[in-house]
Amino acid sequence: MPESEHSNGTPLRRSFFAKAGAGVALLALAPGVRLVELAMARLDDEPVSDEHRWGLWVDSSRCASGCDACVSACNEEHGLSGMDRPETDAQWIRKVDLRDDTTGRELSLPLMCQHCEEPPCVDVCPTGASFRREDGIVLVDKHICIGCRYCMMACPFHARSFIHEDLSDQKTHSPRGKGTVESCTLCVHRVDEGRMPACVEACNNAGHEALVFGDLNDKEGRLARTLAQKESDELRPDLKLNTAVRYSGV
Amino acid sequence: MSAGTFQTLRPSAPFWLIAGVAAVLALLGLAGAHHMESAGHWVTGMNNRVVWGLPHVFAVFLIVGASGALNVASVSSVFGQALYKPLSRLSGLLAMALLVGGLSVLVLDLGRPDRLIIAMTYYNFKSIFAWNIFLYTGFLAVVAVYLWMMFEPRMNRFIRSAGTVAFIWRLVLTTGTGSIFGFLVAREAFDSAVLAPMFIAMSLSFGTAFMLLTVMLIFGLSKVPVHDEILRRLRSLLAYFVIAVAFFVAIDHLTRLYAAGHTGVEKFLLVDGGTYPVLFWLGQFLLGTVIPVIILLTPRLSGIAHTVVAALLVLLGALAQLYVLIIGGQAFPMDIFPGYTETSSYFDGVVAGYTPSLPEIALGLGGIGLALLVALLATRVLPFLPQAQGDRPGA
Amino acid sequence: MGLLLGGIVPWTPATVYAEVVKPQIPPARGEQCVEPVEIMRRDHFDFMKHDRDKMVHQGVRAIRHSLAGCIDCHASKDAQGQFIPINAEDQFCQSCHVYAAVTMDCFTCHAAVPAPALSQSP
C-alpha cells in the first residue's frame, strides 16, 4: 500500500479513487459487468498474473455502420490528435465496412489489436519491446522500441502505427513519442484500475453495446458466458493466433 | 601469397575525383538521415501501410551484395581455385565495405537510431532481426580475421580455415536476411520458404556484379591489367548466378499462381499494379536478367565496356527486384477478412501508395557512397591490390 | 617562462569554474521528496528505470518513483496559473541537466505537465 510519508498523497488519492470507483460501480453496474471483482482482484503493488486473460467480444450485428464512437473515444482517451495526414496518423482502432463478395451482405465492425496469444509482433521484435503481459494484453515498451517497424510488417491485422512526427501534450497515462511504434493497449491503464476500455464504454453510452470487455478466464463472467453461448470466431483463424478479441456475425 | 605480390593503390586525379563523389554522396546521405530523424518520418514517403521504403531496398541490396562479394575469396580459399587468389583480398575488403554501407543505411532509417545501444544490449532471440545483429557484426569480425590470415605471411596456413568459417557465416547471414521476409506469415508476397535460397542466389549474383565492377574500377585506377581468364570466368559465373536467381523468382511466383487464394497478389505484382509490373518485367526481367545474360554469355560482347554495362544492368535489376519484393509486398492489401471487400479509414482493402522521397533517395545512395569511399580509402592504406599479373595466376 | 606561467594561472580550473553558474532549481510544491536530495541526485535515473520496467512489464503501479509523481510536485506554474512544461529551460529538470550536459529523453513521450485531475495512472 502507498507510503504514508509521501507528501501530497498521490498514491493515496489514486487508491481512493480506485475504491470509490468500485463503490460507484456497485451502485450503478454497467449491464452484467462485474467491476467489483475486477477492482478488488489485484492490489497496486502486485505484478499481474495469468489468472486473468482480458478480452473483448465484438457483436457486429449491433455495430452501426455510420457510428465511430469507439474510435473517437480512443482518440480522446489517448490523445491521438492526428496531424490531418491520414496515411501517417496513428489509428489504434478503426471502423471497417465489409461487403460479402458473394452475397452482398454489408456489415461494419471495429478493428483493433487482437491481443493474440501467439503474437507475430512479439516474435519479430529484435529488442523485446513488443511483448505480451501475463494477463494477455499485448503492449509496446516504448523505452526500448528502436522504431524498426518489423512488428508492423508482421501484424496480420495492421494493428500497429508508427509515430511519424514530434508530439506534444501527451496524456499522462498514455505516453507516446516520435520514432516508436504503438497500438491499442486495451486501455491497460483503465483495466489496471478495474475500469473498462474507453471504446467499450463509449459504445455502451451510444446505446449500441456491441463491445463486451471481460476476463476470458472467468467462466462465470459475462464475456466467457457470452462466448460459450454465441457463435464467434477470431479473425484469420487460419493463422491460429488464439486472439483475445472475438467477433460474431462475420 | 607473400606481401611482395600485392600493392596499395597509388592516388591519381581520377581516384580523388571518384573518392570525392563517394564522399559527397555519403554526406548527402547523412543529411537526409538527419532530416528524417529530426523532423520525423512524415517527411519520407513511408507511412503506416508501407513501413519499409527505399532505404530498406538499398540496405538489403548492399547487405546481400556484401555476402556475395566474398564469394571470389571463398572460391579461392575454400574450393582451391588458385586463379582467383590475387583477388581474394579485394573480395574481402569489398564484402566489408558493402556491409558497412548497408548497415549504416539500415540503422539511420530506424525511428530511434539513438537507441542503437539498446539494440545491442536487449535481445529477443525469437526474432530473426536479433540474430541478424550478431550475424552482420560478426561477419565484419570474421572477414577481418580472414583478411588478416591473408595479409600476414605467418598466418597464411590458416587461410583455408578462416575462409571456411567466413563461407558458412555468409550462407547463414544471407539465409537470415531472406528469412526476415520469409518468416512473415501475414504477408502473401513474403510468406515463403523459397526466399532463403533465393537470397543466397541473389547474393551470388549481386556480389559477383559488384566484384566485377570493383575489379575493373580499381585495376583501371592502378593501371594493372585484368587477367583475361579471370574476367572471362567471372562473366560466366555472373551469368549463371543471374539465371539461378531467375529460377527461384520463377518458382516463387509459379507456386503462388498455382494456389487459388494467392492469385490476387500475383496479378497485382505482375499485371495491374502499376509501378510494380513495370519494374518487374522491364527492370528485373529484361534489363536485369535477359540482357545481361546475353551480353555475358556472348563471346563477341566480351569487352570491358560490355562487361561494365552487363554488371551495372544486373545491379539495376537487383534494385528493381528488391523494390518489387519489399515495397510491392507491402503495398498489396492484406486479406484480413477473406471473402469480403473491406474499406476503412486505415486504408484496408486498398493498394497503399508509396513514392520515394528525397531524403530516402539520399540515404540510399549515401550507403553506396560510403561503401565506395571505405573501399577506395582502404586500398590506399593497405596492400589489397595484386601487382601486374603474368599469364599464370599468383605465385 | 615566468610570463608564460603567469599567463597560464588565470586559466586554471578554479578560476574557470568560478564563472559557471550553478543550477537554480525552482522550488517544489510538495512538502518533501520521496527520497533525500543526495540520493535522488545520484540515483534518480536508476529508480525510474527499475520502476518503469516493473510498471510496464508487470503492471505494478504503486511505485515510489513514478515520473508522474515527480512532475506533480516539481512542475511550476506561470503567472497565469498554467503549468509550465517541466522540461522547459530553467525548469526543474533542465536546470541540472544543462549544467551536467546530460540529454534526457523522457519528454519525447511523457507528458511534461501534471495530469488534469482524478485517477490518473503513473
# chains A, B, ... in the order shown; residues from 1 in each chain; ligands from 1
$ interface_residues --of "chain A" --to "chain B" --cutoff "8 Å" --atoms "only C-alpha atoms" --output "PyMOL selection string"
chain A and resi 86-91+94-102+123-128+144-149+152-158+160-166+178-180+235-236+239
$ closest_atom_pairs --of "chain C" --to "chain A" --cutoff "12 Å" --atoms "only C-alpha atoms" --output "tab-separated table"
residue	atom	partner	partner_atom	distance
C:Ala28	CA	A:Ser7	CA	11.0
C:Arg29	CA	A:Asn8	CA	8.9
C:Gly30	CA	A:Ser7	CA	5.8
C:Glu31	CA	A:Ser7	CA	5.3
C:Gln32	CA	A:Ser7	CA	5.9
C:Cys33	CA	A:Ser7	CA	7.2
C:Val34	CA	A:His6	CA	6.0
C:Glu35	CA	A:His6	CA	9.5
C:Met48	CA	A:His143	CA	11.5
C:Lys49	CA	A:His143	CA	9.2
C:His50	CA	A:His143	CA	11.8
C:Asp51	CA	A:Asp45	CA	11.1
C:Arg52	CA	A:His143	CA	8.8
C:Asp53	CA	A:Asp141	CA	8.5
C:Lys54	CA	A:Pro47	CA	7.9
C:Met55	CA	A:Pro47	CA	8.3
C:Val56	CA	A:Asp141	CA	6.6
C:His57	CA	A:Arg133	CA	6.2
C:Gln58	CA	A:Pro47	CA	4.8
C:Gly59	CA	A:Pro47	CA	5.6
C:Val60	CA	A:Asp45	CA	5.0
C:Arg61	CA	A:Asp44	CA	5.3
C:Ala62	CA	A:Asp45	CA	5.0
C:Ile63	CA	A:Asp45	CA	7.3
C:Arg64	CA	A:Glu3	CA	7.7
C:His65	CA	A:His6	CA	10.6
C:Ser66	CA	A:Pro11	CA	10.1
C:Leu67	CA	A:Thr172	CA	9.5
C:Ala68	CA	A:Thr172	CA	7.1
C:Gly69	CA	A:Thr10	CA	7.2
C:Cys70	CA	A:Thr10	CA	10.5
C:Ile71	CA	A:Thr172	CA	10.1
C:Asp72	CA	A:Thr10	CA	8.5
C:Cys73	CA	A:Asn8	CA	7.9
C:His74	CA	A:Asn8	CA	11.6
C:Phe83	CA	A:Asp169	CA	11.9
C:Ile84	CA	A:Asp169	CA	11.7
C:Pro85	CA	A:Asp169	CA	9.4
C:Asn87	CA	A:Ser168	CA	11.8
C:Asp105	CA	A:His143	CA	9.5
C:Cys106	CA	A:His143	CA	8.9
C:Phe107	CA	A:Gly177	CA	8.2
C:Thr108	CA	A:Gly177	CA	5.2
C:Cys109	CA	A:Gly177	CA	4.1
C:His110	CA	A:Pro175	CA	4.7
C:Ala111	CA	A:Gln170	CA	4.9
C:Ala112	CA	A:Asp169	CA	7.7
C:Val113	CA	A:Thr172	CA	8.2
C:Pro114	CA	A:Thr172	CA	7.4
C:Ala115	CA	A:Thr172	CA	5.7
C:Pro116	CA	A:Thr172	CA	9.0
C:Ala117	CA	A:Arg13	CA	10.4
C:Leu118	CA	A:Phe17	CA	7.3
C:Ser119	CA	A:Arg14	CA	5.2
C:Gln120	CA	A:His173	CA	6.3
C:Ser121	CA	A:His173	CA	5.5
C:Pro122	CA	A:His173	CA	6.3
$ residues_around --residues "region 154-158 of chain B" --least-positions-apart "4" --cutoff "12 Å" --atoms "only C-alpha atoms" --output "PyMOL selection string"
chain B and resi 1-3+77-78+145-150+162-165
$ write_last_selection --atoms "N, CA and C atoms" --output "PDB file, in the first residue's frame"
ATOM      1  N   MET B   1      50.943 -16.586 -50.445  1.00  0.00           N
ATOM      2  CA  MET B   1      50.846 -15.291 -51.136  1.00  0.00           C
ATOM      3  C   MET B   1      51.612 -14.283 -50.300  1.00  0.00           C
ATOM      4  N   SER B   2      52.782 -13.932 -50.711  1.00  0.00           N
ATOM      5  CA  SER B   2      53.580 -13.005 -49.908  1.00  0.00           C
ATOM      6  C   SER B   2      53.176 -11.577 -50.195  1.00  0.00           C
ATOM      7  N   ALA B   3      53.571 -10.701 -49.280  1.00  0.00           N
ATOM      8  CA  ALA B   3      53.175  -9.301 -49.421  1.00  0.00           C
ATOM      9  C   ALA B   3      53.772  -8.699 -50.670  1.00  0.00           C
ATOM     10  N   SER B  77      39.930 -19.706 -51.484  1.00  0.00           N
ATOM     11  CA  SER B  77      40.443 -20.312 -50.254  1.00  0.00           C
ATOM     12  C   SER B  77      39.821 -21.656 -49.940  1.00  0.00           C
ATOM     13  N   VAL B  78      38.519 -21.741 -50.133  1.00  0.00           N
ATOM     14  CA  VAL B  78      37.806 -22.937 -49.677  1.00  0.00           C
ATOM     15  C   VAL B  78      37.758 -23.998 -50.768  1.00  0.00           C
ATOM     16  N   VAL B 145      39.269 -11.081 -39.668  1.00  0.00           N
ATOM     17  CA  VAL B 145      40.222 -12.144 -39.315  1.00  0.00           C
ATOM     18  C   VAL B 145      40.714 -12.860 -40.573  1.00  0.00           C
ATOM     19  N   TYR B 146      39.788 -13.131 -41.467  1.00  0.00           N
ATOM     20  CA  TYR B 146      40.105 -13.804 -42.737  1.00  0.00           C
ATOM     21  C   TYR B 146      41.143 -12.989 -43.514  1.00  0.00           C
ATOM     22  N   LEU B 147      40.923 -11.675 -43.576  1.00  0.00           N
ATOM     23  CA  LEU B 147      41.870 -10.814 -44.272  1.00  0.00           C
ATOM     24  C   LEU B 147      43.235 -10.841 -43.584  1.00  0.00           C
ATOM     25  N   TRP B 148      43.189 -10.829 -42.269  1.00  0.00           N
ATOM     26  CA  TRP B 148      44.451 -10.884 -41.513  1.00  0.00           C
ATOM     27  C   TRP B 148      45.229 -12.157 -41.889  1.00  0.00           C
ATOM     28  N   MET B 149      44.540 -13.274 -41.986  1.00  0.00           N
ATOM     29  CA  MET B 149      45.193 -14.525 -42.388  1.00  0.00           C
ATOM     30  C   MET B 149      45.849 -14.380 -43.748  1.00  0.00           C
ATOM     31  N   MET B 150      45.219 -13.586 -44.609  1.00  0.00           N
ATOM     32  CA  MET B 150      45.769 -13.403 -45.951  1.00  0.00           C
ATOM     33  C   MET B 150      46.964 -12.461 -45.946  1.00  0.00           C
ATOM     34  N   ALA B 162      39.923 -20.072 -41.988  1.00  0.00           N
ATOM     35  CA  ALA B 162      39.202 -18.797 -41.848  1.00  0.00           C
ATOM     36  C   ALA B 162      38.209 -18.627 -42.983  1.00  0.00           C
ATOM     37  N   GLY B 163      38.643 -19.027 -44.181  1.00  0.00           N
ATOM     38  CA  GLY B 163      37.765 -18.901 -45.337  1.00  0.00           C
ATOM     39  C   GLY B 163      36.534 -19.772 -45.228  1.00  0.00           C
ATOM     40  N   THR B 164      36.704 -20.949 -44.638  1.00  0.00           N
ATOM     41  CA  THR B 164      35.554 -21.839 -44.477  1.00  0.00           C
ATOM     42  C   THR B 164      34.555 -21.258 -43.486  1.00  0.00           C
ATOM     43  N   VAL B 165      35.103 -20.724 -42.374  1.00  0.00           N
ATOM     44  CA  VAL B 165      34.202 -20.086 -41.401  1.00  0.00           C
ATOM     45  C   VAL B 165      33.440 -18.942 -42.065  1.00  0.00           C
TER      46      VAL B 165
END
$ select_by_dssp --residues "region 247-387 of chain B" --states "alpha helix (DSSP H)" --output "PyMOL selection string"
chain B and resi 247-258+263-267+275-278+291-297+304-322+329-331+358-381
